[in-house]
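*Asks:* So here's work.pdb (PDB, C-alpha atoms, pLDDT in the B column).
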```
MODEL        1
ATOM      1  CA  MET U 873     296.156 246.726  68.826  1.00 51.00           C
ATOM      2  CA  THR U 874     295.459 244.660  65.688  1.00 62.00           C
ATOM      3  CA  ASP U 875     293.491 245.950  62.706  1.00 60.00           C
ATOM      4  CA  LYS U 876     290.715 243.500  63.572  1.00 59.00           C
ATOM      5  CA  LYS U 877     290.435 244.866  67.113  1.00 59.00           C
ATOM      6  CA  LEU U 878     290.531 248.437  65.810  1.00 55.00           C
ATOM      7  CA  ARG U 879     287.685 247.697  63.394  1.00 59.00           C
ATOM      8  CA  LYS U 880     285.676 246.039  66.156  1.00 58.00           C
ATOM      9  CA  THR U 881     286.233 249.007  68.491  1.00 69.00           C
ATOM     10  CA  LYS U 882     285.246 251.462  65.760  1.00 66.00           C
ATOM     11  CA  GLN U 883     282.112 249.441  64.997  1.00 70.00           C
ATOM     12  CA  SER U 884     281.146 249.428  68.685  1.00 74.00           C
ATOM     13  CA  VAL U 885     281.617 253.185  68.932  1.00 74.00           C
ATOM     14  CA  ASN U 886     279.621 253.811  65.759  1.00 79.00           C
ATOM     15  CA  ARG U 887     276.839 251.529  66.976  1.00 82.00           C
ATOM     16  CA  ALA U 888     276.669 253.317  70.334  1.00 86.00           C
ATOM     17  CA  LEU U 889     276.544 256.710  68.616  1.00 90.00           C
ATOM     18  CA  LEU U 890     273.787 255.592  66.267  1.00 92.00           C
ATOM     19  CA  GLU U 891     271.746 254.065  69.087  1.00 93.00           C
ATOM     20  CA  SER U 892     272.093 257.307  71.027  1.00 92.00           C
ATOM     21  CA  ARG U 893     270.887 259.298  68.000  1.00 94.00           C
ATOM     22  CA  ILE U 894     267.925 256.958  67.594  1.00 95.00           C
ATOM     23  CA  LEU U 895     267.002 257.274  71.280  1.00 95.00           C
ATOM     24  CA  ARG U 896     267.228 261.067  71.239  1.00 94.00           C
ATOM     25  CA  SER U 897     265.020 261.132  68.129  1.00 96.00           C
ATOM     26  CA  ALA U 898     262.561 258.714  69.702  1.00 96.00           C
ATOM     27  CA  GLU U 899     262.382 260.891  72.815  1.00 95.00           C
ATOM     28  CA  ILE U 900     261.377 263.886  70.691  1.00 96.00           C
ATOM     29  CA  VAL U 901     258.682 261.969  68.808  1.00 97.00           C
ATOM     30  CA  PHE U 902     257.253 260.191  71.878  1.00 96.00           C
ATOM     31  CA  ALA U 903     257.288 263.463  73.830  1.00 94.00           C
ATOM     32  CA  SER U 904     255.381 265.366  71.148  1.00 93.00           C
ATOM     33  CA  LYS U 905     253.073 262.641  69.819  1.00 92.00           C
ATOM     34  CA  GLY U 906     252.720 260.192  72.691  1.00 90.00           C
ATOM     35  CA  PHE U 907     253.140 256.461  72.203  1.00 92.00           C
ATOM     36  CA  SER U 908     250.034 255.957  70.055  1.00 91.00           C
ATOM     37  CA  GLY U 909     250.761 258.936  67.818  1.00 93.00           C
ATOM     38  CA  ALA U 910     254.453 258.151  67.307  1.00 95.00           C
ATOM     39  CA  SER U 911     255.579 256.228  64.233  1.00 96.00           C
ATOM     40  CA  MET U 912     258.763 254.354  63.439  1.00 96.00           C
ATOM     41  CA  GLU U 913     258.853 256.207  60.119  1.00 96.00           C
ATOM     42  CA  ARG U 914     258.983 259.598  61.836  1.00 97.00           C
ATOM     43  CA  ILE U 915     261.635 258.438  64.312  1.00 97.00           C
ATOM     44  CA  ALA U 916     263.785 257.081  61.480  1.00 97.00           C
ATOM     45  CA  GLU U 917     263.339 260.320  59.548  1.00 96.00           C
ATOM     46  CA  LEU U 918     264.402 262.407  62.527  1.00 96.00           C
ATOM     47  CA  ALA U 919     267.408 260.138  63.193  1.00 95.00           C
ATOM     48  CA  LYS U 920     268.320 260.455  59.482  1.00 95.00           C
ATOM     49  CA  ILE U 921     268.362 256.706  58.874  1.00 95.00           C
ATOM     50  CA  SER U 922     266.160 254.326  56.923  1.00 95.00           C
ATOM     51  CA  LYS U 923     263.244 252.602  58.614  1.00 95.00           C
ATOM     52  CA  GLN U 924     264.925 249.270  57.830  1.00 94.00           C
ATOM     53  CA  ASN U 925     268.044 250.371  59.661  1.00 94.00           C
ATOM     54  CA  LEU U 926     265.970 251.523  62.627  1.00 95.00           C
ATOM     55  CA  ILE U 927     264.191 248.156  62.783  1.00 95.00           C
ATOM     56  CA  TYR U 928     267.574 246.417  62.745  1.00 94.00           C
ATOM     57  CA  TYR U 929     268.398 248.123  66.060  1.00 94.00           C
ATOM     58  CA  PHE U 930     264.867 248.255  67.488  1.00 95.00           C
ATOM     59  CA  PRO U 931     262.502 245.720  65.870  1.00 95.00           C
ATOM     60  CA  ASN U 932     259.320 247.487  66.968  1.00 95.00           C
ATOM     61  CA  LYS U 933     257.944 250.611  68.616  1.00 96.00           C
ATOM     62  CA  ASP U 934     257.209 248.862  71.910  1.00 95.00           C
ATOM     63  CA  LEU U 935     260.849 247.934  72.438  1.00 95.00           C
ATOM     64  CA  LEU U 936     262.036 251.417  71.509  1.00 96.00           C
ATOM     65  CA  TYR U 937     259.534 253.025  73.885  1.00 96.00           C
ATOM     66  CA  LYS U 938     260.609 250.759  76.728  1.00 95.00           C
ATOM     67  CA  ARG U 939     264.270 251.552  76.064  1.00 94.00           C
ATOM     68  CA  VAL U 940     263.613 255.314  76.150  1.00 95.00           C
ATOM     69  CA  LEU U 941     261.744 254.995  79.458  1.00 94.00           C
ATOM     70  CA  LYS U 942     264.316 252.695  81.024  1.00 92.00           C
ATOM     71  CA  GLU U 943     267.174 254.966  80.014  1.00 91.00           C
ATOM     72  CA  ILE U 944     265.717 258.117  81.577  1.00 90.00           C
ATOM     73  CA  LEU U 945     264.802 256.250  84.770  1.00 90.00           C
ATOM     74  CA  ASP U 946     268.270 254.662  84.958  1.00 90.00           C
ATOM     75  CA  ILE U 947     269.839 258.120  84.627  1.00 88.00           C
ATOM     76  CA  TRP U 948     267.593 259.341  87.428  1.00 86.00           C
ATOM     77  CA  ILE U 949     268.459 256.391  89.698  1.00 86.00           C
ATOM     78  CA  GLU U 950     272.186 256.676  88.975  1.00 84.00           C
ATOM     79  CA  LYS U 951     272.475 260.393  89.636  1.00 79.00           C
ATOM     80  CA  LEU U 952     269.848 260.985  92.294  1.00 76.00           C
ATOM     81  CA  SER U 953     270.617 259.381  95.601  1.00 75.00           C
ATOM     82  CA  PHE U 954     271.066 261.010  98.984  1.00 72.00           C
ATOM     83  CA  LEU U 955     273.119 258.024 100.126  1.00 65.00           C
ATOM     84  CA  GLU U 956     275.819 258.735  97.543  1.00 63.00           C
ATOM     85  CA  HIS U 957     276.689 261.824  99.594  1.00 61.00           C
ATOM     86  CA  GLN U 958     275.590 260.724 103.071  1.00 64.00           C
ATOM     87  CA  GLU U 959     278.813 261.950 104.684  1.00 75.00           C
ATOM     88  CA  ASP U 960     277.976 265.523 103.646  1.00 81.00           C
ATOM     89  CA  SER U 961     275.748 267.898 105.606  1.00 88.00           C
ATOM     90  CA  PRO U 962     272.002 267.933 104.790  1.00 91.00           C
ATOM     91  CA  GLU U 963     272.262 271.248 102.958  1.00 91.00           C
ATOM     92  CA  GLU U 964     275.145 269.953 100.822  1.00 90.00           C
ATOM     93  CA  VAL U 965     273.285 266.732 100.009  1.00 91.00           C
ATOM     94  CA  ILE U 966     270.158 268.633  99.016  1.00 92.00           C
ATOM     95  CA  ALA U 967     272.105 271.170  96.945  1.00 90.00           C
ATOM     96  CA  ASN U 968     273.757 268.349  94.999  1.00 91.00           C
ATOM     97  CA  TYR U 969     270.456 266.484  94.584  1.00 91.00           C
ATOM     98  CA  VAL U 970     268.649 269.557  93.232  1.00 92.00           C
ATOM     99  CA  ARG U 971     271.605 270.323  90.943  1.00 92.00           C
ATOM    100  CA  GLU U 972     271.573 266.814  89.456  1.00 91.00           C
ATOM    101  CA  LYS U 973     267.782 266.794  89.066  1.00 91.00           C
ATOM    102  CA  MET U 974     267.843 270.168  87.331  1.00 92.00           C
ATOM    103  CA  GLN U 975     270.646 268.918  85.092  1.00 92.00           C
ATOM    104  CA  ILE U 976     268.469 266.003  83.996  1.00 91.00           C
ATOM    105  CA  SER U 977     265.618 268.405  83.224  1.00 91.00           C
ATOM    106  CA  ARG U 978     267.994 270.558  81.169  1.00 92.00           C
ATOM    107  CA  LEU U 979     269.785 267.764  79.264  1.00 91.00           C
ATOM    108  CA  TYR U 980     266.911 265.299  78.835  1.00 91.00           C
ATOM    109  CA  PRO U 981     263.728 267.404  78.581  1.00 91.00           C
ATOM    110  CA  ASN U 982     262.065 265.122  76.049  1.00 93.00           C
ATOM    111  CA  GLY U 983     262.938 261.983  77.991  1.00 92.00           C
ATOM    112  CA  SER U 984     261.421 263.625  81.051  1.00 92.00           C
ATOM    113  CA  LYS U 985     258.220 264.395  79.118  1.00 93.00           C
ATOM    114  CA  VAL U 986     257.977 260.783  77.918  1.00 94.00           C
ATOM    115  CA  PHE U 987     258.427 259.620  81.518  1.00 93.00           C
ATOM    116  CA  ALA U 988     255.709 262.048  82.663  1.00 92.00           C
ATOM    117  CA  HIS U 989     253.288 260.769  79.988  1.00 91.00           C
ATOM    118  CA  GLU U 990     253.956 257.203  81.119  1.00 93.00           C
ATOM    119  CA  ILE U 991     253.267 258.038  84.777  1.00 92.00           C
ATOM    120  CA  ILE U 992     250.114 260.019  83.928  1.00 91.00           C
ATOM    121  CA  SER U 993     248.890 256.967  82.000  1.00 91.00           C
ATOM    122  CA  GLY U 994     249.288 254.778  85.088  1.00 93.00           C
ATOM    123  CA  ALA U 995     252.814 253.522  84.308  1.00 93.00           C
ATOM    124  CA  PRO U 996     251.656 250.446  82.335  1.00 93.00           C
ATOM    125  CA  VAL U 997     255.194 249.802  81.072  1.00 92.00           C
ATOM    126  CA  LEU U 998     257.295 251.138  83.949  1.00 91.00           C
ATOM    127  CA  LYS U 999     255.340 250.148  87.050  1.00 93.00           C
ATOM    128  CA  GLU U1000     257.226 246.931  87.830  1.00 94.00           C
ATOM    129  CA  TYR U1001     260.558 248.619  87.086  1.00 91.00           C
ATOM    130  CA  LEU U1002     259.650 251.480  89.422  1.00 92.00           C
ATOM    131  CA  ILE U1003     258.901 248.972  92.166  1.00 94.00           C
ATOM    132  CA  SER U1004     262.063 246.927  91.651  1.00 94.00           C
ATOM    133  CA  HIS U1005     264.561 249.740  90.968  1.00 90.00           C
ATOM    134  CA  LEU U1006     263.337 253.174  92.097  1.00 91.00           C
ATOM    135  CA  LYS U1007     261.491 252.259  95.298  1.00 93.00           C
ATOM    136  CA  PRO U1008     264.436 250.541  97.071  1.00 92.00           C
ATOM    137  CA  GLN U1009     266.618 253.606  96.530  1.00 90.00           C
ATOM    138  CA  PHE U1010     263.775 255.904  97.559  1.00 93.00           C
ATOM    139  CA  ASP U1011     263.279 253.945 100.797  1.00 93.00           C
ATOM    140  CA  ARG U1012     266.990 254.132 101.626  1.00 91.00           C
ATOM    141  CA  ASP U1013     267.059 257.882 101.037  1.00 91.00           C
ATOM    142  CA  VAL U1014     263.975 258.345 103.225  1.00 94.00           C
ATOM    143  CA  GLU U1015     265.760 256.513 106.040  1.00 93.00           C
ATOM    144  CA  LEU U1016     268.714 258.908 105.758  1.00 91.00           C
ATOM    145  CA  VAL U1017     266.386 261.912 106.088  1.00 93.00           C
ATOM    146  CA  LYS U1018     264.833 260.278 109.179  1.00 94.00           C
ATOM    147  CA  LEU U1019     268.340 259.950 110.607  1.00 92.00           C
ATOM    148  CA  TRP U1020     268.916 263.680 110.056  1.00 92.00           C
ATOM    149  CA  ILE U1021     265.685 264.385 111.941  1.00 94.00           C
ATOM    150  CA  ASN U1022     266.674 262.108 114.833  1.00 93.00           C
ATOM    151  CA  LYS U1023     270.046 263.844 115.069  1.00 91.00           C
ATOM    152  CA  GLY U1024     268.401 267.259 115.134  1.00 92.00           C
ATOM    153  CA  LEU U1025     270.089 268.321 111.886  1.00 92.00           C
ATOM    154  CA  ILE U1026     266.799 269.360 110.275  1.00 94.00           C
ATOM    155  CA  GLU U1027     263.218 270.049 111.343  1.00 94.00           C
ATOM    156  CA  GLU U1028     260.754 267.203 111.813  1.00 94.00           C
ATOM    157  CA  ILE U1029     259.249 266.830 108.347  1.00 94.00           C
ATOM    158  CA  ASP U1030     257.670 264.081 106.274  1.00 96.00           C
ATOM    159  CA  PRO U1031     260.692 262.647 104.403  1.00 95.00           C
ATOM    160  CA  GLN U1032     258.676 261.079 101.591  1.00 96.00           C
ATOM    161  CA  TYR U1033     256.956 264.338 100.739  1.00 96.00           C
ATOM    162  CA  LEU U1034     260.277 266.149 100.824  1.00 95.00           C
ATOM    163  CA  PHE U1035     261.295 264.113  97.779  1.00 94.00           C
ATOM    164  CA  PHE U1036     257.943 264.549  96.055  1.00 95.00           C
ATOM    165  CA  THR U1037     258.286 268.314  96.481  1.00 95.00           C
ATOM    166  CA  ILE U1038     261.814 268.415  95.063  1.00 94.00           C
ATOM    167  CA  TRP U1039     260.803 266.278  92.083  1.00 93.00           C
ATOM    168  CA  ALA U1040     257.837 268.519  91.316  1.00 94.00           C
ATOM    169  CA  ALA U1041     259.879 271.701  91.677  1.00 94.00           C
ATOM    170  CA  THR U1042     262.654 270.514  89.352  1.00 93.00           C
ATOM    171  CA  GLN U1043     260.923 268.365  86.750  1.00 92.00           C
ATOM    172  CA  THR U1044     258.542 271.199  85.910  1.00 93.00           C
ATOM    173  CA  TYR U1045     261.434 272.900  84.083  1.00 92.00           C
ATOM    174  CA  ALA U1046     261.386 270.028  81.589  1.00 91.00           C
ATOM    175  CA  ASP U1047     257.723 269.011  81.475  1.00 91.00           C
ATOM    176  CA  PHE U1048     256.289 272.553  81.517  1.00 92.00           C
ATOM    177  CA  SER U1049     259.198 274.502  80.049  1.00 91.00           C
ATOM    178  CA  VAL U1050     256.898 276.334  77.610  1.00 92.00           C
ATOM    179  CA  GLN U1051     255.011 277.841  80.541  1.00 93.00           C
ATOM    180  CA  MET U1052     258.272 279.053  82.079  1.00 91.00           C
ATOM    181  CA  GLU U1053     259.415 280.506  78.754  1.00 94.00           C
ATOM    182  CA  VAL U1054     256.168 282.423  78.288  1.00 95.00           C
ATOM    183  CA  LEU U1055     256.216 283.848  81.802  1.00 95.00           C
ATOM    184  CA  LEU U1056     259.892 284.785  81.593  1.00 93.00           C
ATOM    185  CA  GLY U1057     259.434 286.295  78.130  1.00 95.00           C
ATOM    186  CA  LYS U1058     261.957 283.959  76.489  1.00 92.00           C
ATOM    187  CA  SER U1059     261.923 281.693  73.469  1.00 93.00           C
ATOM    188  CA  GLN U1060     263.971 279.076  75.315  1.00 92.00           C
ATOM    189  CA  LEU U1061     265.269 278.597  78.853  1.00 91.00           C
ATOM    190  CA  SER U1062     268.981 279.339  79.067  1.00 93.00           C
ATOM    191  CA  ASP U1063     271.711 277.788  81.208  1.00 92.00           C
ATOM    192  CA  GLU U1064     271.457 280.879  83.408  1.00 94.00           C
ATOM    193  CA  ASP U1065     267.715 280.292  83.880  1.00 93.00           C
ATOM    194  CA  PHE U1066     268.379 276.751  85.036  1.00 93.00           C
ATOM    195  CA  LYS U1067     271.097 277.976  87.392  1.00 94.00           C
ATOM    196  CA  ARG U1068     268.724 280.542  88.906  1.00 94.00           C
ATOM    197  CA  ALA U1069     266.081 277.864  89.290  1.00 94.00           C
ATOM    198  CA  GLU U1070     268.559 275.495  90.921  1.00 94.00           C
ATOM    199  CA  LEU U1071     269.594 278.098  93.493  1.00 94.00           C
ATOM    200  CA  ALA U1072     266.000 279.147  94.166  1.00 95.00           C
ATOM    201  CA  VAL U1073     264.719 275.593  94.677  1.00 94.00           C
ATOM    202  CA  THR U1074     267.710 274.684  96.848  1.00 94.00           C
ATOM    203  CA  ASP U1075     267.260 277.764  99.008  1.00 93.00           C
ATOM    204  CA  LEU U1076     263.524 277.133  99.452  1.00 93.00           C
ATOM    205  CA  VAL U1077     264.028 273.486 100.418  1.00 93.00           C
ATOM    206  CA  VAL U1078     266.931 274.196 102.784  1.00 93.00           C
ATOM    207  CA  ARG U1079     264.921 276.918 104.527  1.00 92.00           C
ATOM    208  CA  ALA U1080     261.823 274.716 104.750  1.00 92.00           C
ATOM    209  CA  ILE U1081     263.635 271.869 106.506  1.00 93.00           C
ATOM    210  CA  GLY U1082     265.515 274.219 108.837  1.00 91.00           C
ATOM    211  CA  ALA U1083     268.995 273.348 107.580  1.00 80.00           C
ATOM    212  CA  LYS U1084     271.774 275.903 107.436  1.00 55.00           C
ATOM    213  CA  LYS U1085     271.375 278.454 104.650  1.00 47.00           C
ATOM    214  CA  ILE U1086     273.858 277.951 101.804  1.00 43.00           C
ATOM    215  CA  ILE U1087     275.944 281.036 101.135  1.00 41.00           C
TER
ENDMDL
END
```
Write out the structure in this file as structure tokens.
*Replies:*
Amino acid sequence: MTDKKLRKTKQSVNRALLESRILRSAEIVFASKGFSGASMERIAELAKISKQNLIYYFPNKDLLYKRVLKEILDIWIEKLSFLEHQEDSPEEVIANYVREKMQISRLYPNGSKVFAHEIISGAPVLKEYLISHLKPQFDRDVELVKLWINKGLIEEIDPQYLFFTIWAATQTYADFSVQMEVLLGKSQLSDEDFKRAELAVTDLVVRAIGAKKII
């Protein structure tokens, strides 16, 4: 590889790392202050860069907010799909789905909070993206659950509300983590807490739909 290509590769890596740092900082500020209360100055300060450098990558707060929202939703869409594991048994599919959803809550708690704020506000930025990207996947996953029901693999349930229940039971560990910490007597939820939650939610869902209990 030539020196020119090496420099270009290094620049690309550095840019990606800096953008990631900016996005993580923006998540924290948007999660704690909301869109209206967040400032580019505070995001730049948290990312340890100048405001001018921040504006070079993200010219305004609107674009940065949209990027944060799109990223967390894209992660959700990429990782959370029943159809990705449709050859597995219902209990295996659900266990994997809950595991991935809990992982998102653990690794991206601030992104999850920003997403929650956006939805509570009526999804003014994300609504069209939800319709064009999330809903098609949701509809396909619902059809798979209906197939399980028709095959007698699980009880006759409302597939759409199965997903709503799983989302509520897993995202709460990001959006309302403080409540969990207070009730568990901890300053911060640990990896073990998330593992316990994952197993508990999976067990409850599997039992509720009448699928085989996971040992």
*Asks:* If we count only C-alpha atoms and set the cut-off at 12 Å, which residues sit around Tyr969 of chain U, ignoring sequence neighbours fewer than 6 positions away in its own chain? Please answer as a compact mmCIF listing (two decimals) with C-alpha atoms, in the frame of the given file.
*Replies:*
```txt
# COMPACT_ATOMS: atom_id res chain seq x y z
CA TRP U 948 267.59 259.34 87.43
CA ILE U 949 268.46 256.39 89.70
CA GLU U 950 272.19 256.68 88.98
CA LYS U 951 272.48 260.39 89.64
CA LEU U 952 269.85 260.98 92.29
CA SER U 953 270.62 259.38 95.60
CA PHE U 954 271.07 261.01 98.98
CA LEU U 955 273.12 258.02 100.13
CA GLU U 956 275.82 258.74 97.54
CA HIS U 957 276.69 261.82 99.59
CA GLN U 958 275.59 260.72 103.07
CA ASP U 960 277.98 265.52 103.65
CA PRO U 962 272.00 267.93 104.79
CA GLU U 963 272.26 271.25 102.96
CA GLN U 975 270.65 268.92 85.09
CA ILE U 976 268.47 266.00 84.00
CA ASP U 1013 267.06 257.88 101.04
CA LEU U 1034 260.28 266.15 100.82
CA PHE U 1035 261.30 264.11 97.78
CA ILE U 1038 261.81 268.42 95.06
CA TRP U 1039 260.80 266.28 92.08
CA THR U 1042 262.65 270.51 89.35
CA GLU U 1070 268.56 275.50 90.92
CA LEU U 1071 269.59 278.10 93.49
CA VAL U 1073 264.72 275.59 94.68
CA THR U 1074 267.71 274.68 96.85
CA VAL U 1077 264.03 273.49 100.42
CA VAL U 1078 266.93 274.20 102.78
```
*Asks:* Could you check which of U:Val1054, U:Val1014, U:Leu918, U:Val970 is closest to Phe902 of chain U, using only C-alpha atoms?
*Replies:*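 For Phe902 of chain U, the nearest of the candidates is U:Leu918.
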*Asks:* Taking all atoms listed in the file into account, produce a table as a tab-separated table in which each residue of segment 919-939 of chain U with an atom at most 12 Å from an atom of segment 984-993 of chain U appears once, together with its shortest atom pair and the distance in Å to one decimal, ordered by chain and rising number.
*Replies:*
```
residue	atom	partner	partner_atom	distance
U:Tyr937	CA	U:Val986	CA	8.9
U:Lys938	CA	U:Glu990	CA	10.3
U:Arg939	CA	U:Val986	CA	11.3
```
*Asks:* What gap, in Å, lies between atom CA of Ala1083 of chain U and atom CA of Thr1044 of chain U?
*Replies:*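 Computing the Euclidean distance for atom CA of Ala1083 of chain U and atom CA of Thr1044 of chain U yields 24.2 Å.
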